[in-house]
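Asks: Quick one: this structure, given as structure tokens, is what I'll be asking you about.
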Amino acid sequence: DIPNIAAASSLQFALKEIQTDFTSETGLSLRISYGSSGNFKRQIEQGAPFELFLSADEGYVAALHQQEQTLDAGKIYALGRIAIFAPQGSPLPVDANLEGLRGLLEQGRLQRFAIANPNHAPYGKAAQQALMTVGLWDSIKPRLVLGENASQAAQFATSGSSQGGILPYSLALAPAISRQGFSRPLPAEWHQPISHRMVLMKRAGDTAKRFYQYLQTSAAQKIFLQYGFDSPG
Amino acid sequence: MSEDMTLRLSLRQTQPIPLHADIKCGAGELLALVGPSGSGKTTILRAIAGLTRPEQGSIVCDDETWFDSDNNIHMPPQQRRIGFMFQDYALFPHLCALHNITAALGHLPAKTRTERAQQLMQQVHLEGLESRYPAQLSGGQRQRVALARALARDPAILLLDEPFSAVDQVTRRKLQQELARLRHSIKIPMILVTHDLDEASALADRIYALHRGTTLQDGSPSEVANRPKSALVARLMDHVNIFTASVVSHAPEKGITIINWQGSTLEANYNKDFAVGEIVNWLIPPSHIVMHRRDRPSRGEHENPVEGEIREVVSLGETTTVTMRIRQPEQKPGKESVGESGEEILSFTVSTHTARRNKLSELGTVTVSLLSEGIHLMPKIVEDRKF
Amino acid sequence: MSEDMTLRLSLRQTQPIPLHADIKCGAGELLALVGPSGSGKTTILRAIAGLTRPEQGSIVCDDETWFDSDNNIHMPPQQRRIGFMFQDYALFPHLCALHNITAALGHLPAKTRTERAQQLMQQVHLEGLESRYPAQLSGGQRQRVALARALARDPAILLLDEPFSAVDQVTRRKLQQELARLRHSIKIPMILVTHDLDEASALADRIYALHRGTTLQDGSPSEVANRPKSALVARLMDHVNIFTASVVSHAPEKGITIINWQGSTLEANYNKDFAVGEIVNWLIPPSHIVMHRRDRPSRGEHENPVEGEIREVVSLGETTTVTMRIRQPEQKPGKESVGESGEEILSFTVSTHTARRNKLSELGTVTVSLLSEGIHLMPKIVEDRKF
Amino acid sequence: MDTLALELSLRLAFWTCVVLLPVSIFLGRLLAWSQFTGKGFVEAAIALPLVLPPTVLGYYLLVSMGNTSAIGQFYADLTGRNLVFSFDGLLLASIIFNLPFAVQPMQRAFEAIPNNVREAAWCCGMSRLRALWRIELPLAWPGLISALALTFAHTLGEFGVVLMVGGNIQGETQTIAIAIYDRVQAFDNPAAGTMSALLLVFSFVTIGSVYMLSHRRSHAHV
Amino acid sequence: MDTLALELSLRLAFWTCVVLLPVSIFLGRLLAWSQFTGKGFVEAAIALPLVLPPTVLGYYLLVSMGNTSAIGQFYADLTGRNLVFSFDGLLLASIIFNLPFAVQPMQRAFEAIPNNVREAAWCCGMSRLRALWRIELPLAWPGLISALALTFAHTLGEFGVVLMVGGNIQGETQTIAIAIYDRVQAFDNPAAGTMSALLLVFSFVTIGSVYMLSHRRSHAHV
Ligand SMILES: Nc1ncnc2c1ncn2[C@@H]1O[C@H](COP(=O)(O)OP(=O)(O)OP(=O)(O)O)[C@@H](O)[C@H]1O
Ligand SMILES: Nc1ncnc2c1ncn2[C@@H]1O[C@H](COP(=O)(O)OP(=O)(O)OP(=O)(O)O)[C@@H](O)[C@H]1O
Ligand SMILES: [Mg+2]
Ligand SMILES: [Mg+2]
């Protein structure tokens, strides 16, 4: 049997590699759907045939656990990081203190700045917290364009129509994006941890359970690290 | 008017189109509906076909009730087995001429339909145009396709709304002959709407004269044409010599009624319906006016001679129409003038060669006899302006 | 046929509708296009209006070139100032009768349009129906709205495609009178398509006989009717007495040409175009056939007496049509039979009262004179089956 | 090119058209030829699926078709399968959100058929079904083609509702639109570009050919 | 209810209709009455915006209208403003993806006008413009209403393209569809439900009224 696995879209680069390794090691196939964690939560509530749910937001997992859809409370498998990104040709200097951003803002030369929608996207929430931490939130707010999710924020940031954005570090590292500009991760303390929690559904079969275990191995964790995630605790 | 009667219709309606019609049409009978434009001819055909639902009345065909307002019966058109030719043809624009006809041949086995349709195309003289679409046909050709389609259905009753109005006279005559032939081969009631009174007379067994939705009179063509019940019908039947007179006396033994017209005494066809002294309308068809020849005496000169001045001589092909103003013997001042304009105009026709030989084109006086058997009396009506 | 000529048209086309037409129409002249259904009358009007672009030719109106294939001129219909009445009316379905007419009154100041439109409604006898939509009008009422609309534009040329085909005879006569009156008040070329030859004769100055897109003959109504150039035109003009004979001799001094018809020798109108011995077609209008009365001699009996058997007597109102089979003096076996069926049928009309008095309804023999001035010779044509 | 996804999309588009054809013919005729008060609001109701954002509509459909819903239960009882996250569920959703594109052109096309042509069909003795088949449908042909082309194109491209109701499961509910969307989200621009271009070319050729054929068909009688 | 977003959506829908009206009348007439080879493919091309998933279409529009693109540069030179992330950009995108809904019904409506009625208009001496105004447009009225209703509804509901090109800026490019979507994504179901219900009711009343009025108008001559 090939299990259906729901995974947050921010995981896709890392998870591809892990999936390949897993399959070559065990000979077992997986079918992974990428999408918004919130949508997956909703769909699971309606009986979606997923056996394993890799969420980018642990709140959804907790909610599902409460509804007794899951086997257990799940496990945190990675922590998300965010990064500032500026496309090539942008006047925005990229630095870990966001001084460049502050300067550009003060000069009034920042036209558009992209983040994911903080109302529902975990990376958007983190970006907001980071901007608040450095006291830029109120001044940058009118300049923001909000992506439906992290990927869309990245699309805004790379399109050249905005001067930059705050993206998941994992995306900023992806070749397709890193090629188009410069990025620097922001300190993890600037925002609450973006805890990625996974959980097995009640219907989970052996393959899903083995993959669940595999994700906790050091081999998998190493790959997460390479792709810009921090390891949990 | 008995058992073999096949269509029997009685309609009453006030809105939107007033109707007060009673029509009977037997099997094998061809009935012509005539009436001025807008008098409701099409509306009646549509009611028979089931395309409009009249307010009140009944339509019975062959003992089958198609419509009965009292019992709330209204059979849909599909079940009425009518052959209906629309005044505006209503051809199917996406089907070629042949398929327009096969569309109405659903009752035949599929194999034989094309053959039958081709036969109908021939009957309406459209061989060779089978594959043309309606948009590629001339007006008259379309009309003939519509006619063929109406004939195709093997109908229980045939309704033709001005079937020949758009074709030339030669073709028209051929089609009229086809219709006359058809009448003898299939014994169903046929109703023909036409504006052509000659056509109605030539083809129909009976004429219904219609005015504002009301059937004013019905009868054989000659009856309706020569003995209209009222001046209204007379006008419909294209009578021009309609006058007003008063009844002087009756002479039943001689078959005449004497009337006084503008001071002249005329012998009319005997008609006991009118009392002595009553004011009546009367008419005379041009065919009952005999011109006195100038060169020699002619028959019938003793009958109602009337003298007048020639006003106009118009030759239209073989017939010449002469309009004359009647010379009144004396104008009694005290007496009420019964004529509308005070000046009475009489029209009659002679053959063109007679006109030519009598040199009628010169203005002058002429004397005519009004043959008494042609003088027909009708109740006096109040002039109806809206004609 | 000179300077004051206002419309001059010459069209040549092979596809899709063959055309070979040359037409001239002067200011104030009313021209009737007649021809069988499908002969291209509508097509010619459409070409004049600019709605179809013929392959070749030119249309010049009032020194303005509307169409010229050589110089690639094709003026759009909007600029041609035509009043065009469509055969199928083509009313604007979303406008009431009045607005259908005001739609063509763009040349008037907005204020006066309604008044003028109302006037036109009256002219076509449709008072009171101003606010009806086309779907709420009867066929004849629609036709009259279309007529009024065509008249509305204050056109430089008026094109009427069967304008009276859907109205009753009484209304038709009134409308014809309107048209005749109009002709004298506005001096523009008018072209009328009609299937009604009487109408054409009564209204038109000139008739163009059309067959398969070709103008076969033009001339005054009586010329075309009585002296058709060919049997084809004769047939178009509704001639029934068309026969074949051979020329025997000419007698120019007496104004006659002697022909041999089925063994009988007939005196015809003199016509030097045909050589002695030539096979010709000839016709005689029913109006030039005089029946010999049974009770007393009649004028003209010396002229071409022909005896025959009565085949049919049909009375249509005031006229009675008599069909007789000619009794042939001798049937020479060796000689080629020039008649189609070998049996020659002659039709003539008498007034119904003459027929009645002569008791023509009884079958029997009858003798008629064929008045030589009515016998018209034409070149022999090969029978055209597709009529 | 993700052939599995394309095939699924085509299957979905095909079945949507197949189901919507009779539905829209029925509704289109009804709306074209019957007059009743409030008809305008029935027409408006048909257009309502367009008003909500597709994902939101999808969410509401998901909830109302889900396993705990009456519809979902009924369907499960009937077939033993789930309605959501299955092809059947996709199809149902697709039918609902394509309804306006199918019904509107059909209604207009039926309205354009002259009354007397329909009457002539009845007077030729054709049953209602035969009149529909031989007269009304051929005359409404351009509207029918429009309806199908719009529905077809829109089904190929729609992904909000489909994503929500279907759940993006490869080979089962992942349509070509979702696959392209995934590629774009994954910044796999070359793949996204190729798939988009192929989809565009394919649709262009398909829809264009349908139009061309339908023109040829209706040319004759214009 | 987010009145700012609703107002923006209405503004967008209004201007989309205003711009698309003449465009679709022009294109619809052209396609209805001219015959040329490959016409079917022009019609297909107009339907193509439907084929791509809205977000993907939006992405390509974003790229091709962006500040670094030729169109974006041209626009910036002309107006001094950016095309993307602005109302103008939204409008342009909205026009493009609504084209099929506007043109198709118009084309069908024009096709349904009998040839001889148009000819009669010319023969009445009407200029092409006057004939358009007094004859063709009134006769194409039902198609026009369909086109506007579909465009209006679809603009209200569309969010993929709008989000991509507009960037979800409150008061500037956040339409009601995006606002509802945001509420749904934020699991704020009560707010989402209220907004959806209000939007539906509003659209229902608006579109329904338009249809009712247009019926009254066309009743008279049927
Ligand atoms: N929908 C309608 N509403 C109101 N009046 C109508 C409607 N349809 C027709 N009429 C009127 O009803 C009358 C009868 O129409 P009908 O078509 O039966 O006349 P008709 O005798 O066939 O005339 P014609 O010889 O001109 O065809 C006409 O005066 C017409 O104006
Ligand atoms: N689109 C077309 N393609 C081919 N032939 C056509 C087309 N339109 C008309 N015709 C043919 O051209 C001929 C002339 O048509 P037209 O309408 O001019 O005839 P008409 O003289 O007006 O006839 P009617 O008296 O019946 O109205 C007809 O035989 C008709 O069948
Ligand atoms: Mg009528
Ligand atoms: Mg014609």
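Please note that chains go A, B, ... in the order of the structure tokens, that every chain numbers its residues from 1, and that ligands are numbered from 1 in the order shown.
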For ligand 4, collect every residue having any atom at a distance of at most 7 Å from a ligand atom (counting only C-alpha atoms and all ligand atoms); output as a ChimeraX atom specification.

Replies: /B:138-140 /C:38,40-42,87,161

Asks: Taking only C-alpha atoms and all ligand atoms into account, which residues are within 10 Å of ligand 1, as a PyMOL selection string?

Replies: (chain B and resi 15-19+33-47+87-88+161-162+193-195+210-213) or (chain C and resi 126+128-129+132-144+165-168) or (chain E and resi 220-222)

Asks: List every residue of chain E that DSSP, applied to the backbone, labels as helix (DSSP H, G or I), and write the result as a PyMOL selection string.

Replies: chain E and resi 3-33+39-50+54-65+70-79+87-111+115-123+128-139+141-157+160-166+176-185+189-219

Asks: State the Cα RMSD (Å, one decimal) obtained when chain C is least-squares superposed onto chain B, all Cα atoms paired in order.

Replies: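 The optimal C-alpha superposition leaves an RMSD of 0.2 Å.
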
Asks: Residues of chain C were defined as contacting chain E if any atom lay at most 6 Å from it, counting only C-alpha atoms; please report them as an MDAnalysis selection string.

Replies: chainID C and resid 77:78 90 94 104 133

Asks: Export, as a PDB file, in the first residue's frame, the selected residues with C-alpha atoms.

Replies:
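What landed in again-v3.pdb:
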ATOM      1  CA  PRO C  77     -26.518  51.194 -48.442  1.00  0.00           C
ATOM      2  CA  GLN C  78     -26.580  53.930 -45.800  1.00  0.00           C
ATOM      3  CA  ALA C  90     -37.747  42.975 -41.915  1.00  0.00           C
ATOM      4  CA  HIS C  94     -38.069  45.546 -30.571  1.00  0.00           C
ATOM      5  CA  ALA C 104     -36.194  55.878 -40.929  1.00  0.00           C
ATOM      6  CA  TYR C 133     -44.953  45.653 -31.663  1.00  0.00           C
TER       7      TYR C 133
END

Asks: In Å, with one decimal, what is the gap from atom CA of Leu99 of chain E to atom CA of Tyr75 of chain E?

Replies: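 Answer for the atom CA of Leu99 of chain E to atom CA of Tyr75 of chain E separation: 21.3 Å.
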
Asks: Nearest to chain D among E:Pro190, E:Pro142, E:Gly66, E:Gly80, with distances taken over only C-alpha atoms: which residue is it?

Replies: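 Closest to chain D of all the choices is E:Pro142.
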
Asks: Do you have the atom CA of Phe211 of chain A-atom CA of Thr173 of chain D distance handy?

Replies: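 Taking atom CA of Phe211 of chain A as the start and atom CA of Thr173 of chain D as the end point, the length is 23.0 Å.
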
Asks: When you get a sec, could you note down which chain D residues fall within 8 Å of chain A, using only C-alpha atoms, as a compact mmCIF listing (two decimals) with N, CA and C atoms, in the first residue's frame?

Replies:
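Okay, iface.txt is ready:
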# COMPACT_ATOMS: atom_id res chain seq x y z
N LEU D 62 -16.97 21.21 0.70
CA LEU D 62 -16.30 20.15 1.45
C LEU D 62 -17.09 19.81 2.69
N VAL D 63 -17.52 20.87 3.39
CA VAL D 63 -18.26 20.64 4.62
C VAL D 63 -19.61 20.01 4.32
N GLY D 66 -19.05 16.45 3.08
CA GLY D 66 -18.14 15.63 3.88
C GLY D 66 -18.84 14.40 4.46
N ASN D 67 -18.03 13.55 5.06
CA ASN D 67 -18.56 12.27 5.51
C ASN D 67 -19.59 12.41 6.61
N THR D 68 -19.51 13.52 7.34
CA THR D 68 -20.46 13.68 8.44
C THR D 68 -21.74 14.38 7.96
N VAL D 84 -16.34 13.10 -0.78
CA VAL D 84 -15.19 14.02 -0.85
C VAL D 84 -13.91 13.22 -1.08
N PHE D 85 -12.91 13.90 -1.59
CA PHE D 85 -11.61 13.30 -1.90
C PHE D 85 -11.72 12.16 -2.90
N MET D 164 -9.78 21.94 -2.75
CA MET D 164 -10.43 21.84 -1.47
C MET D 164 -11.21 20.54 -1.35
N VAL D 165 -11.99 20.24 -2.38
CA VAL D 165 -12.86 19.08 -2.30
C VAL D 165 -12.08 17.79 -2.58
N GLY D 167 -8.42 17.42 -2.47
CA GLY D 167 -7.30 17.18 -1.58
C GLY D 167 -5.98 16.91 -2.26
N ASN D 168 -5.87 17.16 -3.54
CA ASN D 168 -4.56 17.09 -4.20
C ASN D 168 -3.89 15.74 -4.05
N ILE D 169 -4.62 14.68 -4.26
CA ILE D 169 -4.04 13.34 -4.16
C ILE D 169 -3.65 12.86 -5.55
N GLN D 170 -2.35 12.62 -5.71
CA GLN D 170 -1.85 12.25 -7.03
C GLN D 170 -2.61 11.07 -7.62
N ASP D 182 1.21 23.42 -8.18
CA ASP D 182 2.26 22.84 -7.33
C ASP D 182 3.65 23.18 -7.86
N GLN D 185 4.34 26.74 -7.14
CA GLN D 185 4.61 26.93 -5.72
C GLN D 185 6.01 26.42 -5.37
N ALA D 186 6.44 25.37 -6.08
CA ALA D 186 7.75 24.79 -5.79
C ALA D 186 8.85 25.50 -6.56
N PHE D 187 8.52 26.61 -7.19
CA PHE D 187 9.49 27.39 -7.97
C PHE D 187 10.15 26.56 -9.05
N ASP D 188 9.41 25.59 -9.52
CA ASP D 188 9.93 24.80 -10.62
C ASP D 188 9.41 25.44 -11.91

Asks: For Leu4 of chain E, please output as number ranges by chain all residues within 9 Å (counting only C-alpha atoms; exclusion window: fewer than 3 positions along the same chain).

Replies: E: 1, 7-9, 170-172, 174-176

Asks: Can you tell me, as a PDB file with N, CA and C atoms, in the first residue's frame, what residues are no more than 7 Å from segment 149-160 of chain C when counting only C-alpha atoms, ignoring any on the same chain fewer than 3 positions away?

Replies:
ATOM      1  N   LEU C  45     -33.313  44.287 -56.735  1.00  0.00           N
ATOM      2  CA  LEU C  45     -33.576  45.366 -55.781  1.00  0.00           C
ATOM      3  C   LEU C  45     -32.466  45.430 -54.728  1.00  0.00           C
ATOM      4  N   ARG C  81     -29.555  56.537 -50.064  1.00  0.00           N
ATOM      5  CA  ARG C  81     -30.851  57.211 -50.017  1.00  0.00           C
ATOM      6  C   ARG C  81     -31.945  56.448 -50.764  1.00  0.00           C
ATOM      7  N   ILE C  82     -32.094  55.199 -50.396  1.00  0.00           N
ATOM      8  CA  ILE C  82     -33.135  54.382 -50.994  1.00  0.00           C
ATOM      9  C   ILE C  82     -34.247  54.189 -49.976  1.00  0.00           C
ATOM     10  N   GLY C  83     -35.445  54.035 -50.476  1.00  0.00           N
ATOM     11  CA  GLY C  83     -36.528  53.569 -49.623  1.00  0.00           C
ATOM     12  C   GLY C  83     -36.784  52.147 -50.052  1.00  0.00           C
ATOM     13  N   PHE C  84     -36.481  51.197 -49.177  1.00  0.00           N
ATOM     14  CA  PHE C  84     -36.547  49.795 -49.584  1.00  0.00           C
ATOM     15  C   PHE C  84     -37.563  49.081 -48.722  1.00  0.00           C
ATOM     16  N   MET C  85     -38.557  48.530 -49.364  1.00  0.00           N
ATOM     17  CA  MET C  85     -39.496  47.702 -48.626  1.00  0.00           C
ATOM     18  C   MET C  85     -39.152  46.251 -48.906  1.00  0.00           C
ATOM     19  N   ASN C 100     -40.777  51.990 -35.565  1.00  0.00           N
ATOM     20  CA  ASN C 100     -40.233  51.401 -36.775  1.00  0.00           C
ATOM     21  C   ASN C 100     -40.165  52.451 -37.878  1.00  0.00           C
ATOM     22  N   ILE C 101     -41.138  53.313 -37.879  1.00  0.00           N
ATOM     23  CA  ILE C 101     -41.172  54.340 -38.920  1.00  0.00           C
ATOM     24  C   ILE C 101     -40.242  55.498 -38.573  1.00  0.00           C
ATOM     25  N   ALA C 104     -36.632  55.488 -39.590  1.00  0.00           N
ATOM     26  CA  ALA C 104     -36.194  55.878 -40.929  1.00  0.00           C
ATOM     27  C   ALA C 104     -36.334  57.377 -41.152  1.00  0.00           C
ATOM     28  N   LEU C 105     -36.617  58.093 -40.088  1.00  0.00           N
ATOM     29  CA  LEU C 105     -36.836  59.536 -40.241  1.00  0.00           C
ATOM     30  C   LEU C 105     -35.655  60.347 -39.718  1.00  0.00           C
ATOM     31  N   VAL C 145     -46.745  48.482 -42.274  1.00  0.00           N
ATOM     32  CA  VAL C 145     -45.719  49.205 -41.520  1.00  0.00           C
ATOM     33  C   VAL C 145     -44.429  49.265 -42.346  1.00  0.00           C
ATOM     34  N   ALA C 146     -44.103  48.141 -42.968  1.00  0.00           N
ATOM     35  CA  ALA C 146     -42.892  48.106 -43.791  1.00  0.00           C
ATOM     36  C   ALA C 146     -42.995  49.096 -44.939  1.00  0.00           C
ATOM     37  N   PRO C 163     -45.300  44.976 -52.437  1.00  0.00           N
ATOM     38  CA  PRO C 163     -45.770  45.728 -51.277  1.00  0.00           C
ATOM     39  C   PRO C 163     -47.189  45.413 -50.833  1.00  0.00           C
ATOM     40  N   ILE C 188     -39.441  60.790 -58.129  1.00  0.00           N
ATOM     41  CA  ILE C 188     -38.250  59.945 -58.045  1.00  0.00           C
ATOM     42  C   ILE C 188     -38.530  58.667 -58.807  1.00  0.00           C
ATOM     43  N   PRO C 189     -37.498  57.934 -59.174  1.00  0.00           N
ATOM     44  CA  PRO C 189     -37.751  56.632 -59.801  1.00  0.00           C
ATOM     45  C   PRO C 189     -38.336  55.670 -58.762  1.00  0.00           C
ATOM     46  N   MET C 190     -39.291  54.898 -59.204  1.00  0.00           N
ATOM     47  CA  MET C 190     -39.890  53.910 -58.309  1.00  0.00           C
ATOM     48  C   MET C 190     -39.880  52.568 -59.005  1.00  0.00           C
ATOM     49  N   ILE C 191     -39.427  51.572 -58.277  1.00  0.00           N
ATOM     50  CA  ILE C 191     -39.440  50.221 -58.844  1.00  0.00           C
ATOM     51  C   ILE C 191     -40.294  49.344 -57.962  1.00  0.00           C
ATOM     52  N   LEU C 192     -41.215  48.674 -58.607  1.00  0.00           N
ATOM     53  CA  LEU C 192     -42.206  47.875 -57.899  1.00  0.00           C
ATOM     54  C   LEU C 192     -42.074  46.442 -58.383  1.00  0.00           C
ATOM     55  N   VAL C 193     -41.900  45.528 -57.453  1.00  0.00           N
ATOM     56  CA  VAL C 193     -41.946  44.115 -57.829  1.00  0.00           C
ATOM     57  C   VAL C 193     -43.344  43.633 -57.536  1.00  0.00           C
TER      58      VAL C 193
ATOM     59  N   CYS E 124     -32.652  52.140 -43.780  1.00  0.00           N
ATOM     60  CA  CYS E 124     -33.363  53.273 -43.190  1.00  0.00           C
ATOM     61  C   CYS E 124     -32.434  54.480 -43.087  1.00  0.00           C
TER      62      CYS E 124
END

Asks: Counting only C-alpha atoms, which residues of chain D come no farther than 8 Å from chain E, as number ranges by chain?

Replies: D: 38-45, 47-48, 50-56, 100, 104-105, 108-109, 112, 142-143, 146, 149-150, 153-159, 177-178, 180-181, 184, 196, 199-200, 203-205, 207-212, 215

Asks: Out of C:Thr352, C:Thr215, C:Gln176, C:Thr114, which residue has the shortest atom-to-atom distance to ligand 2 when counting only C-alpha atoms and all ligand atoms?

Replies: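 Closest candidate: C:Thr215.
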
Asks: Contacts of Ala220 of chain A at 10 Å or less, counting only C-alpha atoms, minus same-chain residues fewer than 6 places along, as a PyMOL selection string?

Replies: chain A and resi 14-15+17-19+21-22+77+213-214+226

Asks: Would you save the residues of that selection, restricted to C-alpha atoms, as an mmCIF file, in the first residue's frame?

Replies:
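Saved the output as result_39.cif:
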data_model
loop_
_atom_site.group_PDB
_atom_site.id
_atom_site.type_symbol
_atom_site.label_atom_id
_atom_site.label_comp_id
_atom_site.auth_asym_id
_atom_site.auth_seq_id
_atom_site.Cartn_x
_atom_site.Cartn_y
_atom_site.Cartn_z
ATOM 1 C CA ALA A 14 13.705 18.904 2.101
ATOM 2 C CA LEU A 15 11.064 16.245 2.034
ATOM 3 C CA GLU A 17 15.266 14.314 -0.661
ATOM 4 C CA ILE A 18 14.207 12.491 2.452
ATOM 5 C CA GLN A 19 11.526 10.655 0.482
ATOM 6 C CA ASP A 21 16.386 8.243 0.611
ATOM 7 C CA PHE A 22 13.554 6.508 2.373
ATOM 8 C CA TYR A 77 10.284 17.127 13.724
ATOM 9 C CA GLN A 213 9.962 6.875 12.441
ATOM 10 C CA TYR A 214 12.368 7.584 9.603
ATOM 11 C CA GLN A 226 20.698 21.407 5.222
#

Asks: Got a sec: who's within 9 Å of segment 301-308 of chain B, counting only C-alpha atoms, leaving out chain neighbours fewer than 4 positions off, as a ChimeraX atom specification?

Replies: /B:264-268,290-292,297,324-328,346,364-372

Asks: Pull N, CA and C atoms from the residues just selected and write them as a short mmCIF file (atom, residue, chain, number, x, y, z; two decimals), in the first residue's frame.

Replies:
data_model
loop_
_atom_site.label_atom_id
_atom_site.label_comp_id
_atom_site.auth_asym_id
_atom_site.auth_seq_id
_atom_site.Cartn_x
_atom_site.Cartn_y
_atom_site.Cartn_z
N SER B 264 -85.36 57.70 -58.80
CA SER B 264 -85.66 56.70 -59.83
C SER B 264 -86.32 55.50 -59.18
N THR B 265 -87.19 54.89 -59.92
CA THR B 265 -87.82 53.67 -59.42
C THR B 265 -87.13 52.48 -60.06
N LEU B 266 -86.68 51.57 -59.21
CA LEU B 266 -85.96 50.40 -59.72
C LEU B 266 -86.67 49.14 -59.32
N GLU B 267 -86.64 48.13 -60.22
CA GLU B 267 -87.14 46.81 -59.88
C GLU B 267 -85.99 46.00 -59.36
N ALA B 268 -86.13 45.51 -58.12
CA ALA B 268 -85.07 44.71 -57.53
C ALA B 268 -85.54 43.29 -57.35
N VAL B 290 -75.80 46.19 -67.79
CA VAL B 290 -75.62 46.02 -69.23
C VAL B 290 -75.62 47.40 -69.88
N MET B 291 -74.57 47.66 -70.63
CA MET B 291 -74.48 48.95 -71.29
C MET B 291 -75.36 48.93 -72.53
N HIS B 292 -76.07 49.98 -72.77
CA HIS B 292 -76.84 50.08 -74.03
C HIS B 292 -75.87 50.47 -75.11
N PRO B 297 -79.96 48.53 -80.66
CA PRO B 297 -80.59 48.21 -79.37
C PRO B 297 -80.06 46.90 -78.83
N MET B 324 -69.47 55.80 -64.03
CA MET B 324 -70.40 56.82 -64.51
C MET B 324 -71.09 57.50 -63.34
N ARG B 325 -71.42 58.78 -63.55
CA ARG B 325 -72.19 59.49 -62.53
C ARG B 325 -73.64 59.49 -62.95
N ILE B 326 -74.48 59.08 -62.03
CA ILE B 326 -75.90 58.93 -62.37
C ILE B 326 -76.55 60.30 -62.51
N ARG B 327 -77.29 60.43 -63.57
CA ARG B 327 -78.08 61.66 -63.76
C ARG B 327 -79.39 61.46 -63.03
N GLN B 328 -79.64 62.31 -62.05
CA GLN B 328 -80.84 62.11 -61.26
C GLN B 328 -82.02 62.83 -61.90
N LEU B 346 -71.59 54.85 -60.30
CA LEU B 346 -71.84 53.45 -60.66
C LEU B 346 -70.65 52.97 -61.48
N GLY B 364 -68.72 61.27 -72.18
CA GLY B 364 -70.03 61.53 -72.75
C GLY B 364 -71.08 60.87 -71.89
N THR B 365 -72.21 60.68 -72.43
CA THR B 365 -73.26 60.03 -71.63
C THR B 365 -73.37 58.58 -72.06
N VAL B 366 -73.94 57.81 -71.17
CA VAL B 366 -74.14 56.40 -71.46
C VAL B 366 -75.39 55.97 -70.72
N THR B 367 -76.07 55.00 -71.29
CA THR B 367 -77.25 54.47 -70.61
C THR B 367 -77.01 53.00 -70.33
N VAL B 368 -77.35 52.61 -69.12
CA VAL B 368 -77.18 51.21 -68.76
C VAL B 368 -78.49 50.69 -68.20
N SER B 369 -78.62 49.38 -68.28
CA SER B 369 -79.73 48.71 -67.59
C SER B 369 -79.18 48.02 -66.38
N LEU B 370 -79.88 48.21 -65.25
CA LEU B 370 -79.50 47.48 -64.05
C LEU B 370 -80.40 46.25 -63.99
N LEU B 371 -79.82 45.08 -64.34
CA LEU B 371 -80.66 43.88 -64.41
C LEU B 371 -81.23 43.60 -63.03
N SER B 372 -82.58 43.47 -63.00
CA SER B 372 -83.20 43.41 -61.68
C SER B 372 -82.79 42.18 -60.90
#

Asks: For the structure I just gave you, how does DSSP split segment 103-231 of chain B - specifically, which residues are strand (DSSP E)? Reply as a list of chain:residue names.

Replies: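 Going through segment 103-231 of chain B, the strand (DSSP E) residues come out as B:Ile157, B:Leu158, B:Leu159, B:Leu160, B:Asp161, B:Met190, B:Ile191, B:Leu192, B:Val193, B:Arg206, B:Ile207, B:Tyr208, B:Ala209, B:Leu210, B:His211, B:Thr214, B:Thr215, B:Leu216, B:Gln217, B:Asp218, B:Gly219.
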
Asks: Do you know which residues are at most 8 Å from Phe85 of chain A counting only C-alpha atoms, after dropping those on the same chain fewer than 6 positions away, and could you put them as a PyMOL selection string?

Replies: chain A and resi 94+157+164-167+172+181-184
